[in-house]
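One structure is given here, and the rest of the page talks about it.
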Amino acid sequence: DQQVKQNSPSLSVQEGRISILNCDYTNSMFDYFLWYKKYPAEGPTFLISISSIKDKNEDGRFTVFLNKSAKHLSLHIVPSQPGDSAVYFCAAKNSGYALNFGKGTSLLVTP
Amino acid sequence: DVKVTQSSRYLVKRTGEKVFLECVQDMDHENMFWYRQDPGLGLRLIYFSYDVKMKEKGDIPEGYSVSREKKERFSLILESASTNQTSMYLCASSPNPGQGDQETQYFGPGTRLLVL
């Protein structure tokens, strides 16, 4: 039973425009959310996170928004760059140790 | 910087072989994890360990076992490899509360295993 869902398997955006990656979750006990970025043949690298007590967290070109009532979060990348092309995983956790991952969204930023 | 290393980047094994995947982290993290990544399925947790000699099953433990004899090392064992265990295997570690960014897991580069 997938508790974290990324319903768009892929997204294509032009360089310089905004990329918006979406993530929905079903478990209302999740209190911490993370985004990871993964290039082929490499392990995922941590990108940005947000606690459930916040609704926005920003780090340079990356902003994560959390809407707890809708159980929805999104990652905004502005402006998008070709080097941002990768698979992005949304993850969530509660008080336990393990992360619950979505299936990933493959982002392609075209020049 | 946190460093998580995995013993092999690529591995080819035959059906029925016993396979050991090794993971080492150098940041004195308490928690270590094994995932597999498959196209269209994302990352699925196989096993994790929150202390030496402690282990917990994840979402898909069948066909796997683990060993954590030392804090820095977490091994994944395929007792009798099967073709449906062909996958990318990812190890991760994270600290406990009070050690820093305890919510974040740090991943190794992955081992791509092909079982023939």
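Residues are referred to by chain and number: the chain letter is A, B, ... according to the order shown in the structure tokens, the number counts from 1 in that chain, and ligands are numbered separately from 1 in the order shown.
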
Would you mind listing, for every residue of chain B within 10 Å of chain A, the two atoms forming the shortest contact and the distance between them in Å to one decimal, using only C-alpha atoms, sorted by chain and ascending residue number, as a Markdown table?
| residue | atom | partner | partner_atom | distance |
| --- | --- | --- | --- | --- |
| B:Val4 | CA | A:Gly43 | CA | 9.7 |
| B:Arg9 | CA | A:Ala41 | CA | 8.6 |
| B:Tyr10 | CA | A:Ala41 | CA | 9.8 |
| B:Asn31 | CA | A:Tyr97 | CA | 7.6 |
| B:Met32 | CA | A:Tyr97 | CA | 9.4 |
| B:Phe33 | CA | A:Ala98 | CA | 8.1 |
| B:Gln37 | CA | A:Lys103 | CA | 9.2 |
| B:Asp38 | CA | A:Lys103 | CA | 9.1 |
| B:Pro39 | CA | A:Lys103 | CA | 8.3 |
| B:Gly40 | CA | A:Lys103 | CA | 6.1 |
| B:Leu41 | CA | A:Lys103 | CA | 5.2 |
| B:Gly42 | CA | A:Lys103 | CA | 3.7 |
| B:Leu43 | CA | A:Phe101 | CA | 6.0 |
| B:Arg44 | CA | A:Phe101 | CA | 7.3 |
| B:Leu45 | CA | A:Ala98 | CA | 8.0 |
| B:Tyr47 | CA | A:Ala98 | CA | 9.5 |
| B:Phe48 | CA | A:Ala98 | CA | 7.8 |
| B:Ser49 | CA | A:Tyr97 | CA | 9.0 |
| B:Tyr50 | CA | A:Tyr97 | CA | 7.8 |
| B:Gly58 | CA | A:Ala98 | CA | 8.3 |
| B:Asp59 | CA | A:Asn100 | CA | 9.8 |
| B:Met88 | CA | A:Ala41 | CA | 8.6 |
| B:Tyr89 | CA | A:Gly43 | CA | 9.3 |
| B:Leu90 | CA | A:Gly43 | CA | 6.7 |
| B:Cys91 | CA | A:Gly43 | CA | 8.4 |
| B:Ala92 | CA | A:Gly43 | CA | 9.0 |
| B:Ser94 | CA | A:Tyr97 | CA | 8.7 |
| B:Pro95 | CA | A:Tyr97 | CA | 9.8 |
| B:Asn96 | CA | A:Tyr97 | CA | 8.9 |
| B:Gln102 | CA | A:Tyr97 | CA | 9.4 |
| B:Glu103 | CA | A:Tyr32 | CA | 7.6 |
| B:Thr104 | CA | A:Phe46 | CA | 7.3 |
| B:Gln105 | CA | A:Phe46 | CA | 7.6 |
| B:Tyr106 | CA | A:Thr45 | CA | 7.0 |
| B:Phe107 | CA | A:Gly43 | CA | 5.5 |
| B:Gly108 | CA | A:Gly43 | CA | 5.4 |
| B:Pro109 | CA | A:Gly43 | CA | 4.2 |
| B:Gly110 | CA | A:Gly43 | CA | 5.5 |
| B:Thr111 | CA | A:Ala41 | CA | 8.6 |
| B:Arg112 | CA | A:Ala41 | CA | 8.1 |

Write the residues you've just listed into a file as a PDB file, in the first residue's frame, and include C-alpha atoms for each of them.
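Contents of the output file selection_10.pdb:
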ATOM      1  CA  VAL B   4      28.538   5.684   2.590  1.00  0.00           C
ATOM      2  CA  ARG B   9      29.116  -1.054  -8.177  1.00  0.00           C
ATOM      3  CA  TYR B  10      28.207  -3.933 -10.478  1.00  0.00           C
ATOM      4  CA  ASN B  31      20.808   3.639  11.756  1.00  0.00           C
ATOM      5  CA  MET B  32      21.475   1.830   8.513  1.00  0.00           C
ATOM      6  CA  PHE B  33      19.121   0.759   5.736  1.00  0.00           C
ATOM      7  CA  GLN B  37      15.200   0.418  -6.603  1.00  0.00           C
ATOM      8  CA  ASP B  38      13.271  -0.891  -9.590  1.00  0.00           C
ATOM      9  CA  PRO B  39      11.811   1.057 -12.538  1.00  0.00           C
ATOM     10  CA  GLY B  40       8.296   2.222 -11.785  1.00  0.00           C
ATOM     11  CA  LEU B  41       8.459   1.024  -8.189  1.00  0.00           C
ATOM     12  CA  GLY B  42      10.713   3.611  -6.560  1.00  0.00           C
ATOM     13  CA  LEU B  43      12.762   2.746  -3.482  1.00  0.00           C
ATOM     14  CA  ARG B  44      11.502  -0.100  -1.353  1.00  0.00           C
ATOM     15  CA  LEU B  45      12.896  -0.825   2.103  1.00  0.00           C
ATOM     16  CA  TYR B  47      15.714  -4.207   6.093  1.00  0.00           C
ATOM     17  CA  PHE B  48      17.043  -1.645   8.508  1.00  0.00           C
ATOM     18  CA  SER B  49      19.094  -1.655  11.683  1.00  0.00           C
ATOM     19  CA  TYR B  50      19.034   0.882  14.496  1.00  0.00           C
ATOM     20  CA  GLY B  58      11.137  -3.450   5.960  1.00  0.00           C
ATOM     21  CA  ASP B  59       8.472  -3.748   3.282  1.00  0.00           C
ATOM     22  CA  MET B  88      19.782  -1.710  -7.954  1.00  0.00           C
ATOM     23  CA  TYR B  89      20.564  -2.064  -4.243  1.00  0.00           C
ATOM     24  CA  LEU B  90      21.040   1.080  -2.187  1.00  0.00           C
ATOM     25  CA  CYS B  91      22.430   1.370   1.315  1.00  0.00           C
ATOM     26  CA  ALA B  92      21.770   4.384   3.518  1.00  0.00           C
ATOM     27  CA  SER B  94      21.218   8.223   9.352  1.00  0.00           C
ATOM     28  CA  PRO B  95      22.108   9.575  12.776  1.00  0.00           C
ATOM     29  CA  ASN B  96      20.019   9.395  15.903  1.00  0.00           C
ATOM     30  CA  GLN B 102      18.698  13.043  12.233  1.00  0.00           C
ATOM     31  CA  GLU B 103      15.864  13.062   9.741  1.00  0.00           C
ATOM     32  CA  THR B 104      18.022  12.721   6.645  1.00  0.00           C
ATOM     33  CA  GLN B 105      19.313   9.480   5.221  1.00  0.00           C
ATOM     34  CA  TYR B 106      22.588   9.473   3.327  1.00  0.00           C
ATOM     35  CA  PHE B 107      22.904   7.028   0.486  1.00  0.00           C
ATOM     36  CA  GLY B 108      25.739   5.051  -1.007  1.00  0.00           C
ATOM     37  CA  PRO B 109      26.312   4.894  -4.781  1.00  0.00           C
ATOM     38  CA  GLY B 110      24.367   1.667  -5.202  1.00  0.00           C
ATOM     39  CA  THR B 111      25.156  -1.851  -6.404  1.00  0.00           C
ATOM     40  CA  ARG B 112      23.589  -2.984  -9.643  1.00  0.00           C
TER      41      ARG B 112
END

Region 65-73 of chain A: which residues within 8 Å, counting only C-alpha atoms, same-chain residues fewer than 5 positions away excluded, as a list in words?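 Contacts, in chain order: Asn22, Cys23, Asp24, Tyr25, Thr26, Ser28, Ile50, Ser52, Lys54, Asp55, Lys56 and Asn57 of chain A.
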
Same residues, N, CA and C atoms, saved as a PDB file, in the first residue's frame:
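The new file out_18.pdb reads:
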ATOM      1  N   ASN A  22       5.083  17.186  -7.876  1.00  0.00           N
ATOM      2  CA  ASN A  22       4.048  17.003  -6.868  1.00  0.00           C
ATOM      3  C   ASN A  22       4.126  15.664  -6.160  1.00  0.00           C
ATOM      4  N   CYS A  23       3.609  15.667  -4.943  1.00  0.00           N
ATOM      5  CA  CYS A  23       3.655  14.470  -4.108  1.00  0.00           C
ATOM      6  C   CYS A  23       2.444  14.487  -3.183  1.00  0.00           C
ATOM      7  N   ASP A  24       1.758  13.367  -3.069  1.00  0.00           N
ATOM      8  CA  ASP A  24       0.633  13.229  -2.153  1.00  0.00           C
ATOM      9  C   ASP A  24       0.916  12.107  -1.165  1.00  0.00           C
ATOM     10  N   TYR A  25       0.379  12.225   0.036  1.00  0.00           N
ATOM     11  CA  TYR A  25       0.567  11.171   1.015  1.00  0.00           C
ATOM     12  C   TYR A  25      -0.758  10.852   1.701  1.00  0.00           C
ATOM     13  N   THR A  26      -0.836   9.664   2.258  1.00  0.00           N
ATOM     14  CA  THR A  26      -2.093   9.222   2.854  1.00  0.00           C
ATOM     15  C   THR A  26      -2.028   9.132   4.380  1.00  0.00           C
ATOM     16  N   SER A  28      -1.612  10.508   7.847  1.00  0.00           N
ATOM     17  CA  SER A  28      -1.649  11.800   8.538  1.00  0.00           C
ATOM     18  C   SER A  28      -0.641  11.876   9.694  1.00  0.00           C
ATOM     19  N   ILE A  50      11.161  19.465   4.803  1.00  0.00           N
ATOM     20  CA  ILE A  50      10.250  20.355   5.500  1.00  0.00           C
ATOM     21  C   ILE A  50       9.596  19.599   6.642  1.00  0.00           C
ATOM     22  N   SER A  52       6.466  19.233   9.424  1.00  0.00           N
ATOM     23  CA  SER A  52       5.023  19.455   9.329  1.00  0.00           C
ATOM     24  C   SER A  52       4.556  20.722  10.046  1.00  0.00           C
ATOM     25  N   LYS A  54       5.796  23.553   9.405  1.00  0.00           N
ATOM     26  CA  LYS A  54       5.987  24.646   8.449  1.00  0.00           C
ATOM     27  C   LYS A  54       5.145  24.393   7.208  1.00  0.00           C
ATOM     28  N   ASP A  55       4.967  25.432   6.408  1.00  0.00           N
ATOM     29  CA  ASP A  55       4.284  25.229   5.130  1.00  0.00           C
ATOM     30  C   ASP A  55       5.173  25.558   3.933  1.00  0.00           C
ATOM     31  N   LYS A  56       6.374  26.045   4.224  1.00  0.00           N
ATOM     32  CA  LYS A  56       7.290  26.397   3.138  1.00  0.00           C
ATOM     33  C   LYS A  56       8.726  26.340   3.641  1.00  0.00           C
ATOM     34  N   ASN A  57       9.606  25.829   2.775  1.00  0.00           N
ATOM     35  CA  ASN A  57      11.029  25.886   3.064  1.00  0.00           C
ATOM     36  C   ASN A  57      11.775  26.145   1.760  1.00  0.00           C
TER      37      ASN A  57
END
